[in-house]
file structure.pdb (PDB, C-alpha atoms and all ligand atoms)
ATOM      1  CA  MET C   1      78.681  87.246  87.948
ATOM      2  CA  LEU C   2      81.051  88.433  90.635
ATOM      3  CA  ASN C   3      84.046  90.663  90.123
ATOM      4  CA  ILE C   4      86.326  90.018  93.059
ATOM      5  CA  ALA C   5      89.460  91.824  94.209
ATOM      6  CA  VAL C   6      91.849  89.932  96.487
ATOM      7  CA  CYS C   7      94.566  91.700  98.486
ATOM      8  CA  VAL C   8      97.683  89.586  98.820
ATOM      9  CA  LYS C   9     100.924  90.201 100.673
ATOM     10  CA  GLN C  10     104.234  88.386 100.316
ATOM     11  CA  VAL C  11     105.663  87.357 103.703
ATOM     12  CA  PRO C  12     108.722  85.419 104.933
ATOM     13  CA  ASP C  13     108.311  81.643 104.705
ATOM     14  CA  THR C  14     106.967  80.176 107.945
ATOM     15  CA  GLU C  15     110.000  77.815 107.872
ATOM     16  CA  ALA C  16     112.528  80.658 107.512
ATOM     17  CA  ARG C  17     114.918  81.343 110.416
ATOM     18  CA  LEU C  18     114.463  85.038 110.984
ATOM     19  CA  SER C  19     116.988  87.461 112.426
ATOM     20  CA  VAL C  20     116.831  91.185 113.132
ATOM     21  CA  ALA C  21     118.735  93.462 110.717
ATOM     22  CA  ALA C  22     121.528  95.725 111.958
ATOM     23  CA  ASP C  23     119.215  98.790 112.143
ATOM     24  CA  LYS C  24     116.985  96.842 114.608
ATOM     25  CA  THR C  25     113.744  97.948 112.895
ATOM     26  CA  ARG C  26     113.282  95.182 110.319
ATOM     27  CA  ILE C  27     114.144  91.566 109.664
ATOM     28  CA  GLU C  28     117.234  90.546 107.718
ATOM     29  CA  GLU C  29     115.933  89.532 104.277
ATOM     30  CA  GLN C  30     119.213  88.113 102.959
ATOM     31  CA  GLY C  31     118.980  84.359 102.445
ATOM     32  CA  ILE C  32     115.332  83.846 103.436
ATOM     33  CA  SER C  33     112.547  82.716 101.144
ATOM     34  CA  PHE C  34     109.139  84.327 100.838
ATOM     35  CA  ILE C  35     105.653  82.951 100.321
ATOM     36  CA  LEU C  36     102.100  84.126  99.719
ATOM     37  CA  ASN C  37     100.658  85.024 103.147
ATOM     38  CA  PRO C  38      98.766  81.849 104.273
ATOM     39  CA  TYR C  39      95.553  83.748 105.143
ATOM     40  CA  ASP C  40      95.663  85.310 101.669
ATOM     41  CA  GLU C  41      95.808  81.808 100.143
ATOM     42  CA  HIS C  42      92.421  81.204 101.758
ATOM     43  CA  ALA C  43      91.169  84.516 100.338
ATOM     44  CA  VAL C  44      92.377  83.639  96.821
ATOM     45  CA  GLU C  45      90.882  80.134  97.069
ATOM     46  CA  GLU C  46      87.501  81.497  98.158
ATOM     47  CA  ALA C  47      87.471  84.051  95.335
ATOM     48  CA  ILE C  48      88.241  81.353  92.752
ATOM     49  CA  ARG C  49      85.521  79.048  94.137
ATOM     50  CA  LEU C  50      82.968  81.894  93.939
ATOM     51  CA  LYS C  51      84.052  82.653  90.366
ATOM     52  CA  GLU C  52      83.821  78.979  89.405
ATOM     53  CA  LYS C  53      80.236  78.834  90.741
ATOM     54  CA  GLN C  54      78.912  82.207  89.636
ATOM     55  CA  GLY C  55      81.233  83.426  86.854
ATOM     56  CA  GLY C  56      83.116  86.708  86.898
ATOM     57  CA  THR C  57      86.749  87.644  87.470
ATOM     58  CA  VAL C  58      89.367  87.492  90.209
ATOM     59  CA  THR C  59      91.975  90.258  90.306
ATOM     60  CA  VAL C  60      94.790  90.241  92.858
ATOM     61  CA  PHE C  61      96.298  93.434  94.254
ATOM     62  CA  CYS C  62      99.677  93.411  95.955
ATOM     63  CA  LEU C  63     101.747  96.236  97.395
ATOM     64  CA  GLY C  64     105.341  95.192  97.793
ATOM     65  CA  PRO C  65     108.844  95.179  96.305
ATOM     66  CA  ALA C  66     109.822  93.443  93.039
ATOM     67  CA  ARG C  67     110.234  90.066  94.827
ATOM     68  CA  ALA C  68     106.499  90.144  95.726
ATOM     69  CA  GLU C  69     105.718  89.242  92.095
ATOM     70  CA  GLU C  70     106.378  85.598  93.066
ATOM     71  CA  ALA C  71     103.414  85.709  95.481
ATOM     72  CA  ILE C  72     101.293  87.296  92.744
ATOM     73  CA  ARG C  73     102.285  84.476  90.350
ATOM     74  CA  THR C  74     101.228  81.911  92.979
ATOM     75  CA  ALA C  75      97.768  83.515  93.131
ATOM     76  CA  LEU C  76      97.600  83.568  89.308
ATOM     77  CA  ALA C  77      98.615  79.883  89.194
ATOM     78  CA  MET C  78      95.838  79.065  91.670
ATOM     79  CA  GLY C  79      93.375  80.579  89.172
ATOM     80  CA  ALA C  80      93.239  84.364  89.582
ATOM     81  CA  ASP C  81      92.720  86.074  86.223
ATOM     82  CA  LYS C  82      94.532  89.386  86.556
ATOM     83  CA  ALA C  83      97.022  91.102  88.824
ATOM     84  CA  VAL C  84      97.954  94.615  89.822
ATOM     85  CA  HIS C  85     101.330  95.145  91.509
ATOM     86  CA  LEU C  86     101.895  98.367  93.449
ATOM     87  CA  ALA C  87     105.617  97.952  93.142
ATOM     88  CA  ASP C  88     107.062 101.454  92.884
ATOM     89  CA  ALA C  89     109.926 102.157  95.330
ATOM     90  CA  ALA C  90     107.936 105.152  96.642
ATOM     91  CA  PHE C  91     105.431 102.707  98.244
ATOM     92  CA  GLY C  92     108.248 101.279 100.424
ATOM     93  CA  GLY C  93     108.545 101.986 104.138
ATOM     94  CA  GLY C  94     104.836 102.667 104.548
ATOM     95  CA  ASP C  95     102.496 101.583 107.329
ATOM     96  CA  GLU C  96      99.026 100.021 107.465
ATOM     97  CA  GLY C  97      97.435 103.391 106.639
ATOM     98  CA  THR C  98      99.479 104.022 103.516
ATOM     99  CA  ALA C  99      99.045 100.380 102.393
ATOM    100  CA  ALA C 100      95.240 100.626 102.763
ATOM    101  CA  ALA C 101      95.120 104.079 101.124
ATOM    102  CA  ALA C 102      97.035 102.874  98.066
ATOM    103  CA  LEU C 103      94.963  99.678  97.793
ATOM    104  CA  GLU C 104      91.759 101.724  98.049
ATOM    105  CA  LYS C 105      92.839 103.977  95.177
ATOM    106  CA  ALA C 106      93.654 100.899  93.087
ATOM    107  CA  ILE C 107      90.330  99.146  93.830
ATOM    108  CA  ALA C 108      87.702 101.921  94.113
ATOM    109  CA  GLY C 109      85.494 102.703  91.133
ATOM    110  CA  LYS C 110      86.404  99.510  89.215
ATOM    111  CA  SER C 111      83.028  97.749  89.653
ATOM    112  CA  PHE C 112      84.234  95.163  92.160
ATOM    113  CA  ASP C 113      81.461  93.377  94.054
ATOM    114  CA  LEU C 114      83.669  91.970  96.765
ATOM    115  CA  VAL C 115      87.136  92.437  98.255
ATOM    116  CA  LEU C 116      88.713  89.444  99.984
ATOM    117  CA  ALA C 117      91.835  89.767 102.123
ATOM    118  CA  GLY C 118      93.572  87.818 104.856
ATOM    119  CA  ARG C 119      92.703  88.200 108.540
ATOM    120  CA  LEU C 120      96.304  89.241 109.071
ATOM    121  CA  ALA C 121      99.693  89.082 107.460
ATOM    122  CA  ILE C 122     101.841  86.629 109.419
ATOM    123  CA  ASP C 123     104.897  88.892 109.452
ATOM    124  CA  ASP C 124     103.751  92.291 110.781
ATOM    125  CA  ALA C 125     100.477  90.772 112.017
ATOM    126  CA  SER C 126      98.639  94.027 112.680
ATOM    127  CA  GLY C 127      95.374  92.829 111.110
ATOM    128  CA  GLN C 128      94.529  96.396 110.140
ATOM    129  CA  VAL C 129      94.637  96.573 106.375
ATOM    130  CA  GLY C 130      91.266  94.902 105.679
ATOM    131  CA  ALA C 131      89.414  97.115 108.173
ATOM    132  CA  ARG C 132      91.135 100.287 107.028
ATOM    133  CA  LEU C 133      90.432  99.438 103.385
ATOM    134  CA  ALA C 134      86.722  98.837 104.105
ATOM    135  CA  GLU C 135      86.515 102.152 105.940
ATOM    136  CA  LYS C 136      88.143 104.011 103.044
ATOM    137  CA  LEU C 137      85.869 102.327 100.483
ATOM    138  CA  GLY C 138      82.843 102.964 102.703
ATOM    139  CA  TRP C 139      81.854  99.282 102.399
ATOM    140  CA  PRO C 140      80.636  96.869 105.086
ATOM    141  CA  HIS C 141      83.330  94.637 106.547
ATOM    142  CA  VAL C 142      83.333  91.208 108.158
ATOM    143  CA  THR C 143      86.529  89.965 109.805
ATOM    144  CA  ALA C 144      87.981  86.472 110.285
ATOM    145  CA  VAL C 145      85.397  84.566 108.254
ATOM    146  CA  THR C 146      85.298  80.751 108.283
ATOM    147  CA  ARG C 147      82.379  80.255 105.863
ATOM    148  CA  LEU C 148      81.050  82.499 103.124
ATOM    149  CA  ALA C 149      77.946  82.277 100.947
ATOM    150  CA  VAL C 150      77.093  84.864  98.324
ATOM    151  CA  GLU C 151      73.637  85.007  96.822
ATOM    152  CA  GLY C 152      72.627  87.920  94.639
ATOM    153  CA  ARG C 153      73.696  91.089  96.389
ATOM    154  CA  GLU C 154      73.945  89.494  99.830
ATOM    155  CA  ALA C 155      76.953  87.838 101.485
ATOM    156  CA  VAL C 156      76.418  85.694 104.563
ATOM    157  CA  ALA C 157      79.598  85.144 106.550
ATOM    158  CA  ASN C 158      80.266  82.888 109.551
ATOM    159  CA  ARG C 159      82.752  84.012 112.189
ATOM    160  CA  GLU C 160      84.099  81.980 115.056
ATOM    161  CA  ILE C 161      83.754  83.767 118.364
ATOM    162  CA  ASP C 162      84.707  82.622 121.858
ATOM    163  CA  GLY C 163      82.548  79.583 122.595
ATOM    164  CA  GLY C 164      80.385  79.826 119.514
ATOM    165  CA  SER C 165      79.866  81.269 116.076
ATOM    166  CA  GLN C 166      78.289  84.373 114.648
ATOM    167  CA  VAL C 167      76.585  84.784 111.270
ATOM    168  CA  VAL C 168      76.798  88.219 109.674
ATOM    169  CA  ALA C 169      74.864  89.261 106.557
ATOM    170  CA  VAL C 170      76.087  92.210 104.494
ATOM    171  CA  THR C 171      75.039  93.823 101.248
ATOM    172  CA  LEU C 172      77.631  93.857  98.458
ATOM    173  CA  PRO C 173      80.008  95.462  97.772
ATOM    174  CA  ALA C 174      81.794  94.418 100.952
ATOM    175  CA  VAL C 175      85.223  93.587 102.350
ATOM    176  CA  ILE C 176      85.662  90.135 103.926
ATOM    177  CA  THR C 177      88.815  88.853 105.635
ATOM    178  CA  ALA C 178      89.645  85.163 105.654
ATOM    179  CA  GLN C 179      90.340  83.065 108.736
ATOM    180  CA  ARG C 180      91.979  79.620 108.666
ATOM    181  CA  GLY C 181      89.327  76.962 108.062
ATOM    182  CA  LEU C 182      87.493  78.978 105.401
ATOM    183  CA  ASN C 183      88.610  76.426 102.807
ATOM    184  CA  GLN C 184      91.509  74.195 101.778
ATOM    185  CA  PRO C 185      93.633  76.201  99.338
ATOM    186  CA  ARG C 186      94.478  74.270  96.173
ATOM    187  CA  TYR C 187      98.044  73.444  95.107
ATOM    188  CA  PRO C 188      98.593  74.922  91.651
ATOM    189  CA  LYS C 189      99.338  72.263  88.990
ATOM    190  CA  ILE C 190     102.508  72.544  86.867
ATOM    191  CA  PRO C 191     100.620  73.617  83.670
ATOM    192  CA  ASP C 192      98.833  76.314  85.702
ATOM    193  CA  ILE C 193     102.166  77.521  87.099
ATOM    194  CA  MET C 194     103.522  77.735  83.529
ATOM    195  CA  LYS C 195     100.384  79.534  82.319
ATOM    196  CA  ALA C 196     100.618  81.984  85.231
ATOM    197  CA  ARG C 197     104.136  82.978  84.093
ATOM    198  CA  ARG C 198     102.586  84.398  80.908
ATOM    199  CA  LYS C 199      99.736  86.298  82.584
ATOM    200  CA  GLU C 200     100.168  90.060  82.632
ATOM    201  CA  VAL C 201     100.910  91.770  85.924
ATOM    202  CA  ALA C 202     100.054  95.484  85.690
ATOM    203  CA  LYS C 203     102.630  97.656  87.471
ATOM    204  CA  VAL C 204     101.195 100.729  89.128
ATOM    205  CA  THR C 205     102.910 103.850  90.498
ATOM    206  CA  PRO C 206     101.584 106.370  93.060
ATOM    207  CA  ALA C 207     100.974 108.829  90.181
ATOM    208  CA  ASP C 208      98.810 106.221  88.377
ATOM    209  CA  LEU C 209      96.621 106.165  91.509
ATOM    210  CA  GLY C 210      96.498 109.949  91.839
ATOM    211  CA  LEU C 211      98.653 109.845  94.976
ATOM    212  CA  SER C 212     101.498 112.251  95.650
ATOM    213  CA  GLY C 213     104.888 111.184  97.021
ATOM    214  CA  GLY C 214     103.958 112.585 100.429
ATOM    215  CA  GLU C 215     100.919 110.278 100.718
ATOM    216  CA  VAL C 216     102.660 106.942 100.200
ATOM    217  CA  GLY C 217     105.458 104.911 101.754
ATOM    218  CA  GLY C 218     107.583 106.266 104.576
ATOM    219  CA  ALA C 219     106.657 109.878 103.735
ATOM    220  CA  GLY C 220     102.946 109.179 104.269
ATOM    221  CA  ALA C 221     103.269 106.844 107.294
ATOM    222  CA  LYS C 222     101.964 108.161 110.605
ATOM    223  CA  GLY C 223     104.246 105.988 112.736
ATOM    224  CA  LYS C 224     107.617 104.371 112.527
ATOM    225  CA  VAL C 225     108.939 101.042 113.723
ATOM    226  CA  ALA C 226     111.216 102.129 116.560
ATOM    227  CA  GLY C 227     112.543  98.699 117.440
ATOM    228  CA  LEU C 228     112.294  95.008 116.643
ATOM    229  CA  ALA C 229     113.589  92.225 118.876
ATOM    230  CA  PRO C 230     113.412  88.438 118.715
ATOM    231  CA  ALA C 231     111.446  86.590 121.416
ATOM    232  CA  PRO C 232     113.709  85.654 124.357
ATOM    233  CA  GLY C 233     115.133  82.136 124.004
ATOM    234  CA  ARG C 234     113.619  79.379 126.189
ATOM    235  CA  SER C 235     115.863  77.952 128.862
ATOM    236  CA  ALA C 236     116.521  74.192 128.845
ATOM    237  CA  GLY C 237     113.941  72.008 130.615
ATOM    238  CA  LYS C 238     114.696  69.942 133.739
ATOM    239  CA  VAL C 239     114.475  66.145 133.754
ATOM    240  CA  ILE C 240     113.218  64.738 137.059
ATOM    241  CA  ALA C 241     114.403  61.153 137.381
ATOM    242  CA  GLY C 242     113.261  58.513 139.857
ATOM    243  CA  GLU C 243     110.107  56.665 140.884
ATOM    244  CA  PRO C 244     106.920  58.372 139.557
ATOM    245  CA  ALA C 245     105.611  59.137 143.076
ATOM    246  CA  ASP C 246     108.974  60.706 144.151
ATOM    247  CA  ALA C 247     109.297  62.563 140.849
ATOM    248  CA  ALA C 248     105.753  63.960 141.180
ATOM    249  CA  ARG C 249     106.597  65.217 144.711
ATOM    250  CA  LYS C 250     109.767  66.896 143.361
ATOM    251  CA  VAL C 251     107.807  68.510 140.481
ATOM    252  CA  VAL C 252     105.225  69.888 142.938
ATOM    253  CA  GLY C 253     108.079  71.217 145.138
ATOM    254  CA  LEU C 254     109.736  72.921 142.180
ATOM    255  CA  LEU C 255     106.442  74.439 141.007
ATOM    256  CA  ARG C 256     105.843  75.808 144.533
ATOM    257  CA  ASP C 257     109.342  76.902 145.605
ATOM    258  CA  GLU C 258     111.165  77.650 142.360
ATOM    259  CA  ALA C 259     108.566  78.622 139.758
ATOM    260  CA  LYS C 260     106.206  79.939 142.468
ATOM    261  CA  VAL C 261     103.134  79.087 140.389
ATOM    262  CA  ILE C 262     101.278  77.073 143.048
TER
HETATM  263  C1  LIG M 301     105.879 102.569 110.462
HETATM  264  C2  LIG M 301     105.942 101.363 109.600
HETATM  265  C3  LIG M 301     106.965 101.249 108.670
HETATM  266  C4  LIG M 301     107.021 100.134 107.856
HETATM  267  N1  LIG M 301     108.019 100.025 106.942
HETATM  268  C5  LIG M 301     108.055  98.957 106.120
HETATM  269  C6  LIG M 301     109.074  98.798 105.157
HETATM  270  O1  LIG M 301     109.982  99.608 105.060
HETATM  271  N2  LIG M 301     109.047  97.722 104.332
HETATM  272  C7  LIG M 301     108.051  96.794 104.446
HETATM  273  O2  LIG M 301     108.029  95.800 103.677
HETATM  274  N3  LIG M 301     107.070  96.909 105.325
HETATM  275  C8  LIG M 301     107.051  97.967 106.166
HETATM  276  N4  LIG M 301     106.079  98.083 107.090
HETATM  277  C9  LIG M 301     105.054  97.085 107.135
HETATM  278  C10 LIG M 301     104.026  97.312 106.063
HETATM  279  O3  LIG M 301     103.624  98.604 105.916
HETATM  280  C11 LIG M 301     102.873  96.412 106.469
HETATM  281  O4  LIG M 301     102.954  95.364 105.576
HETATM  282  C12 LIG M 301     101.542  97.028 106.331
HETATM  283  O5  LIG M 301     101.511  97.989 107.320
HETATM  284  C13 LIG M 301     100.477  95.980 106.454
HETATM  285  O6  LIG M 301     100.380  95.590 107.795
HETATM  286  P1  LIG M 301     100.420  94.062 108.156
HETATM  287  O7  LIG M 301     101.514  93.395 107.450
HETATM  288  O8  LIG M 301     100.386  94.012 109.637
HETATM  289  O9  LIG M 301      99.100  93.541 107.469
HETATM  290  P2  LIG M 301      97.720  93.073 108.086
HETATM  291  O10 LIG M 301      96.872  94.249 108.351
HETATM  292  O11 LIG M 301      97.966  92.087 109.168
HETATM  293  O12 LIG M 301      97.207  92.332 106.772
HETATM  294  C14 LIG M 301      95.866  91.910 106.627
HETATM  295  C15 LIG M 301      95.610  91.607 105.185
HETATM  296  O13 LIG M 301      95.682  92.818 104.439
HETATM  297  C16 LIG M 301      96.236  92.545 103.150
HETATM  298  N5  LIG M 301      97.519  93.227 103.014
HETATM  299  C17 LIG M 301      98.376  93.614 103.985
HETATM  300  N6  LIG M 301      99.469  94.192 103.449
HETATM  301  C18 LIG M 301      99.283  94.149 102.117
HETATM  302  C19 LIG M 301     100.072  94.542 101.009
HETATM  303  N7  LIG M 301     101.258  95.112 101.184
HETATM  304  N8  LIG M 301      99.574  94.350  99.751
HETATM  305  C20 LIG M 301      98.359  93.775  99.556
HETATM  306  N9  LIG M 301      97.591  93.354 100.573
HETATM  307  C21 LIG M 301      98.047  93.545 101.820
HETATM  308  C22 LIG M 301      96.424  91.031 103.065
HETATM  309  O14 LIG M 301      95.244  90.450 102.568
HETATM  310  C23 LIG M 301      96.598  90.659 104.532
HETATM  311  O15 LIG M 301      96.287  89.310 104.802
HETATM  312  C24 LIG M 301     106.032  99.151 107.963
HETATM  313  C25 LIG M 301     105.023  99.272 108.919
HETATM  314  C26 LIG M 301     104.984 100.348 109.751
HETATM  315  C27 LIG M 301     103.909 100.441 110.809
END

call {"tool": "encode", "arguments": {"input": "structure.pdb", "output": "structure tokens", "more": "lines below"}}
Ligand SMILES: Cc1cc2nc3c(=O)[nH]c(=O)nc-3n(C[C@H](O)[C@H](O)[C@H](O)COP(=O)(O)OP(=O)(O)OC[C@H]3O[C@@H](n4cnc5c(N)ncnc54)[C@H](O)[C@@H]3O)c2cc1C
result
Amino acid sequence: MLNIAVCVKQVPDTEARLSVAADKTRIEEQGISFILNPYDEHAVEEAIRLKEKQGGTVTVFCLGPARAEEAIRTALAMGADKAVHLADAAFGGGDEGTAAAALEKAIAGKSFDLVLAGRLAIDDASGQVGARLAEKLGWPHVTAVTRLAVEGREAVANREIDGGSQVVAVTLPAVITAQRGLNQPRYPKIPDIMKARRKEVAKVTPADLGLSGGEVGGAGAKGKVAGLAPAPGRSAGKVIAGEPADAARKVVGLLRDEAKVI
């Protein structure tokens, strides 16, 4: 039996056209759709597969505004059993440290054997929350895992490294973050989506976690986003017409004289 916690974040849809809000520190949320962070889908899938093999429970934890409940419902429709939503407005405006601190308070002491999270959230992409959470829990941590086997109290995790792979064995409880390739997340079926609508999502406030207002959200954050800018647009490409041999000569000339890369 494995009791597994999965940390999930709601992020802007990968298809969404993002723009920077007027205050230049965040994206404009008006008119964009949100999804369950793709790395977290792998984490949820892995947790459900482990539960299906070994029994136990899967509980998802999400810190985010009211709209994040949609991402929680996706995880429930995939097969998670329970959900905890850290949704209080006081959690807003926090950083990786306050997110990990709140998640730790929600997860610690609840007899979880394993925490699964994503390697990173595709929006802020700091890849810090899993590591910070493991540190706060005092549990071993393996990042960016592409294969996971759990037997008894041992988890054996494969990680891709430059030019090879690494196998790391840890004793449970542990925190593991999911890399793409870990599994193929399932598409929830319509009846499961309907069933997920009726599953209870526990709403938790800082006070429920024993945290004061000064420890969460913007008040507890140690840094602030000072600026956010879109990537510079790419200039239009050049079409070199003519015979292939002439065109190749022109391309080489442009690479040498204009782009100065050769
Ligand atoms: C100074 C500062 C101010 C910020 N202000 C705001 C703000 O006002 N509003 C806002 O929405 N965001 C804000 N953020 C971003 C927010 O705090 C980040 O979501 C958080 O820091 C997590 O970092 P990340 O997204 O880079 O996650 P990563 O560390 O890249 O995420 C790795 C994994 O950790 C887990 N995880 C990450 N975040 C959560 C979460 N919230 N709940 C559950 N699991 C999670 C997921 O499994 C995820 O795959 C701010 C960040 C900073 C640094």

call {"tool": "closest_atom_pairs", "arguments": {"input": "structure.pdb", "of": "chain C", "to": "ligand LIG 301 (chain M)", "cutoff": "6 Å", "atoms": "all atoms listed in the file", "output": "JSON lines"}}
result
{"residue": "C:Cys7", "atom": "CA", "partner": "M:LIG301", "partner_atom": "N9", "distance": 4.0}
{"residue": "C:Val8", "atom": "CA", "partner": "M:LIG301", "partner_atom": "N9", "distance": 4.2}
{"residue": "C:Lys9", "atom": "CA", "partner": "M:LIG301", "partner_atom": "C19", "distance": 4.4}
{"residue": "C:Tyr39", "atom": "CA", "partner": "M:LIG301", "partner_atom": "O15", "distance": 5.6}
{"residue": "C:Asp40", "atom": "CA", "partner": "M:LIG301", "partner_atom": "O15", "distance": 5.1}
{"residue": "C:Phe61", "atom": "CA", "partner": "M:LIG301", "partner_atom": "C20", "distance": 5.7}
{"residue": "C:Cys62", "atom": "CA", "partner": "M:LIG301", "partner_atom": "C20", "distance": 3.9}
{"residue": "C:Leu63", "atom": "CA", "partner": "M:LIG301", "partner_atom": "N8", "distance": 3.7}
{"residue": "C:Gly64", "atom": "CA", "partner": "M:LIG301", "partner_atom": "N7", "distance": 5.3}
{"residue": "C:Gly92", "atom": "CA", "partner": "M:LIG301", "partner_atom": "O1", "distance": 5.2}
{"residue": "C:Gly93", "atom": "CA", "partner": "M:LIG301", "partner_atom": "O1", "distance": 2.9}
{"residue": "C:Gly94", "atom": "CA", "partner": "M:LIG301", "partner_atom": "O3", "distance": 4.5}
{"residue": "C:Asp95", "atom": "CA", "partner": "M:LIG301", "partner_atom": "O3", "distance": 3.5}
{"residue": "C:Glu96", "atom": "CA", "partner": "M:LIG301", "partner_atom": "O5", "distance": 3.2}
{"residue": "C:Ala99", "atom": "CA", "partner": "M:LIG301", "partner_atom": "C12", "distance": 5.7}
{"residue": "C:Ala117", "atom": "CA", "partner": "M:LIG301", "partner_atom": "O14", "distance": 3.5}
{"residue": "C:Gly118", "atom": "CA", "partner": "M:LIG301", "partner_atom": "O15", "distance": 3.1}
{"residue": "C:Arg119", "atom": "CA", "partner": "M:LIG301", "partner_atom": "C14", "distance": 5.2}
{"residue": "C:Leu120", "atom": "CA", "partner": "M:LIG301", "partner_atom": "O11", "distance": 3.3}
{"residue": "C:Ala121", "atom": "CA", "partner": "M:LIG301", "partner_atom": "O11", "distance": 3.9}
{"residue": "C:Asp123", "atom": "CA", "partner": "M:LIG301", "partner_atom": "O7", "distance": 6.0}
{"residue": "C:Asp124", "atom": "CA", "partner": "M:LIG301", "partner_atom": "O8", "distance": 3.9}
{"residue": "C:Ala125", "atom": "CA", "partner": "M:LIG301", "partner_atom": "O11", "distance": 4.0}
{"residue": "C:Ser126", "atom": "CA", "partner": "M:LIG301", "partner_atom": "O8", "distance": 3.5}
{"residue": "C:Gly127", "atom": "CA", "partner": "M:LIG301", "partner_atom": "O11", "distance": 3.3}
{"residue": "C:Gln128", "atom": "CA", "partner": "M:LIG301", "partner_atom": "O10", "distance": 3.6}
{"residue": "C:Val129", "atom": "CA", "partner": "M:LIG301", "partner_atom": "O10", "distance": 3.8}
{"residue": "C:Gly130", "atom": "CA", "partner": "M:LIG301", "partner_atom": "O13", "distance": 5.0}
{"residue": "C:Ala221", "atom": "CA", "partner": "M:LIG301", "partner_atom": "C1", "distance": 5.9}
{"residue": "C:Gly223", "atom": "CA", "partner": "M:LIG301", "partner_atom": "C1", "distance": 4.4}
{"residue": "C:Lys224", "atom": "CA", "partner": "M:LIG301", "partner_atom": "C1", "distance": 3.2}
{"residue": "C:Val225", "atom": "CA", "partner": "M:LIG301", "partner_atom": "C1", "distance": 4.7}

call {"tool": "write_last_selection", "arguments": {"input": "structure.pdb", "atoms": "C-alpha atoms", "output": "PDB file, in the coordinates of the input"}}
result
ATOM      1  CA  CYS C   7      94.566  91.700  98.486  1.00  0.00           C
ATOM      2  CA  VAL C   8      97.683  89.586  98.820  1.00  0.00           C
ATOM      3  CA  LYS C   9     100.924  90.201 100.673  1.00  0.00           C
ATOM      4  CA  TYR C  39      95.553  83.748 105.143  1.00  0.00           C
ATOM      5  CA  ASP C  40      95.663  85.310 101.669  1.00  0.00           C
ATOM      6  CA  PHE C  61      96.298  93.434  94.254  1.00  0.00           C
ATOM      7  CA  CYS C  62      99.677  93.411  95.955  1.00  0.00           C
ATOM      8  CA  LEU C  63     101.747  96.236  97.395  1.00  0.00           C
ATOM      9  CA  GLY C  64     105.341  95.192  97.793  1.00  0.00           C
ATOM     10  CA  GLY C  92     108.248 101.279 100.424  1.00  0.00           C
ATOM     11  CA  GLY C  93     108.545 101.986 104.138  1.00  0.00           C
ATOM     12  CA  GLY C  94     104.836 102.667 104.548  1.00  0.00           C
ATOM     13  CA  ASP C  95     102.496 101.583 107.329  1.00  0.00           C
ATOM     14  CA  GLU C  96      99.026 100.021 107.465  1.00  0.00           C
ATOM     15  CA  ALA C  99      99.045 100.380 102.393  1.00  0.00           C
ATOM     16  CA  ALA C 117      91.835  89.767 102.123  1.00  0.00           C
ATOM     17  CA  GLY C 118      93.572  87.818 104.856  1.00  0.00           C
ATOM     18  CA  ARG C 119      92.703  88.200 108.540  1.00  0.00           C
ATOM     19  CA  LEU C 120      96.304  89.241 109.071  1.00  0.00           C
ATOM     20  CA  ALA C 121      99.693  89.082 107.460  1.00  0.00           C
ATOM     21  CA  ASP C 123     104.897  88.892 109.452  1.00  0.00           C
ATOM     22  CA  ASP C 124     103.751  92.291 110.781  1.00  0.00           C
ATOM     23  CA  ALA C 125     100.477  90.772 112.017  1.00  0.00           C
ATOM     24  CA  SER C 126      98.639  94.027 112.680  1.00  0.00           C
ATOM     25  CA  GLY C 127      95.374  92.829 111.110  1.00  0.00           C
ATOM     26  CA  GLN C 128      94.529  96.396 110.140  1.00  0.00           C
ATOM     27  CA  VAL C 129      94.637  96.573 106.375  1.00  0.00           C
ATOM     28  CA  GLY C 130      91.266  94.902 105.679  1.00  0.00           C
ATOM     29  CA  ALA C 221     103.269 106.844 107.294  1.00  0.00           C
ATOM     30  CA  GLY C 223     104.246 105.988 112.736  1.00  0.00           C
ATOM     31  CA  LYS C 224     107.617 104.371 112.527  1.00  0.00           C
ATOM     32  CA  VAL C 225     108.939 101.042 113.723  1.00  0.00           C
TER      33      VAL C 225
END

call {"tool": "closest_residue", "arguments": {"input": "structure.pdb", "among": "C:Pro38, C:Pro206, C:Gly109, C:Pro173", "to": "C:Leu86", "atoms": "all atoms listed in the file"}}
result
C:Pro206

call {"tool": "atom_distance", "arguments": {"input": "structure.pdb", "atom1": "atom CA of C:Met78", "atom2": "atom CA of C:Trp139"}}
result
26.8 Å

call {"tool": "atom_distance", "arguments": {"input": "structure.pdb", "atom1": "atom CA of C:Gln30", "atom2": "atom CA of C:Pro232"}}
result
22.2 Å

call {"tool": "closest_residue", "arguments": {"input": "structure.pdb", "among": "C:Ala87, C:Lys105, C:Leu116, C:Pro230", "to": "C:Leu182", "atoms": "all atoms listed in the file"}}
result
C:Leu116

call {"tool": "atom_distance", "arguments": {"input": "structure.pdb", "atom1": "atom CA of C:Ile240", "atom2": "atom CA of C:Gly253"}}
result
11.6 Å

call {"tool": "resolve_selection", "arguments": {"input": "structure.pdb", "expression": "the PyMOL selection byres (((chain C and resi 204) around 9) and not hetatm)", "output": "number ranges by chain"}}
result
C: 84-88, 106, 202-203, 205-209

call {"tool": "closest_residue", "arguments": {"input": "structure.pdb", "among": "C:Ala5, C:Glu70, C:Asp13, C:Ala21", "to": "C:Leu50", "atoms": "only C-alpha atoms"}}
result
C:Ala5

call {"tool": "closest_residue", "arguments": {"input": "structure.pdb", "among": "C:Val252, C:Leu114, C:Ala83, C:Ala149", "to": "C:Ala68", "atoms": "all atoms listed in the file"}}
result
C:Ala83

call {"tool": "resolve_selection", "arguments": {"input": "structure.pdb", "expression": "the PyMOL selection byres (((chain C and resi 76) around 12) and not hetatm)", "output": "PyMOL selection string"}}
result
chain C and resi 6+8+36+41+44-45+47-48+57-61+69-75+77-84+186-189+191-201
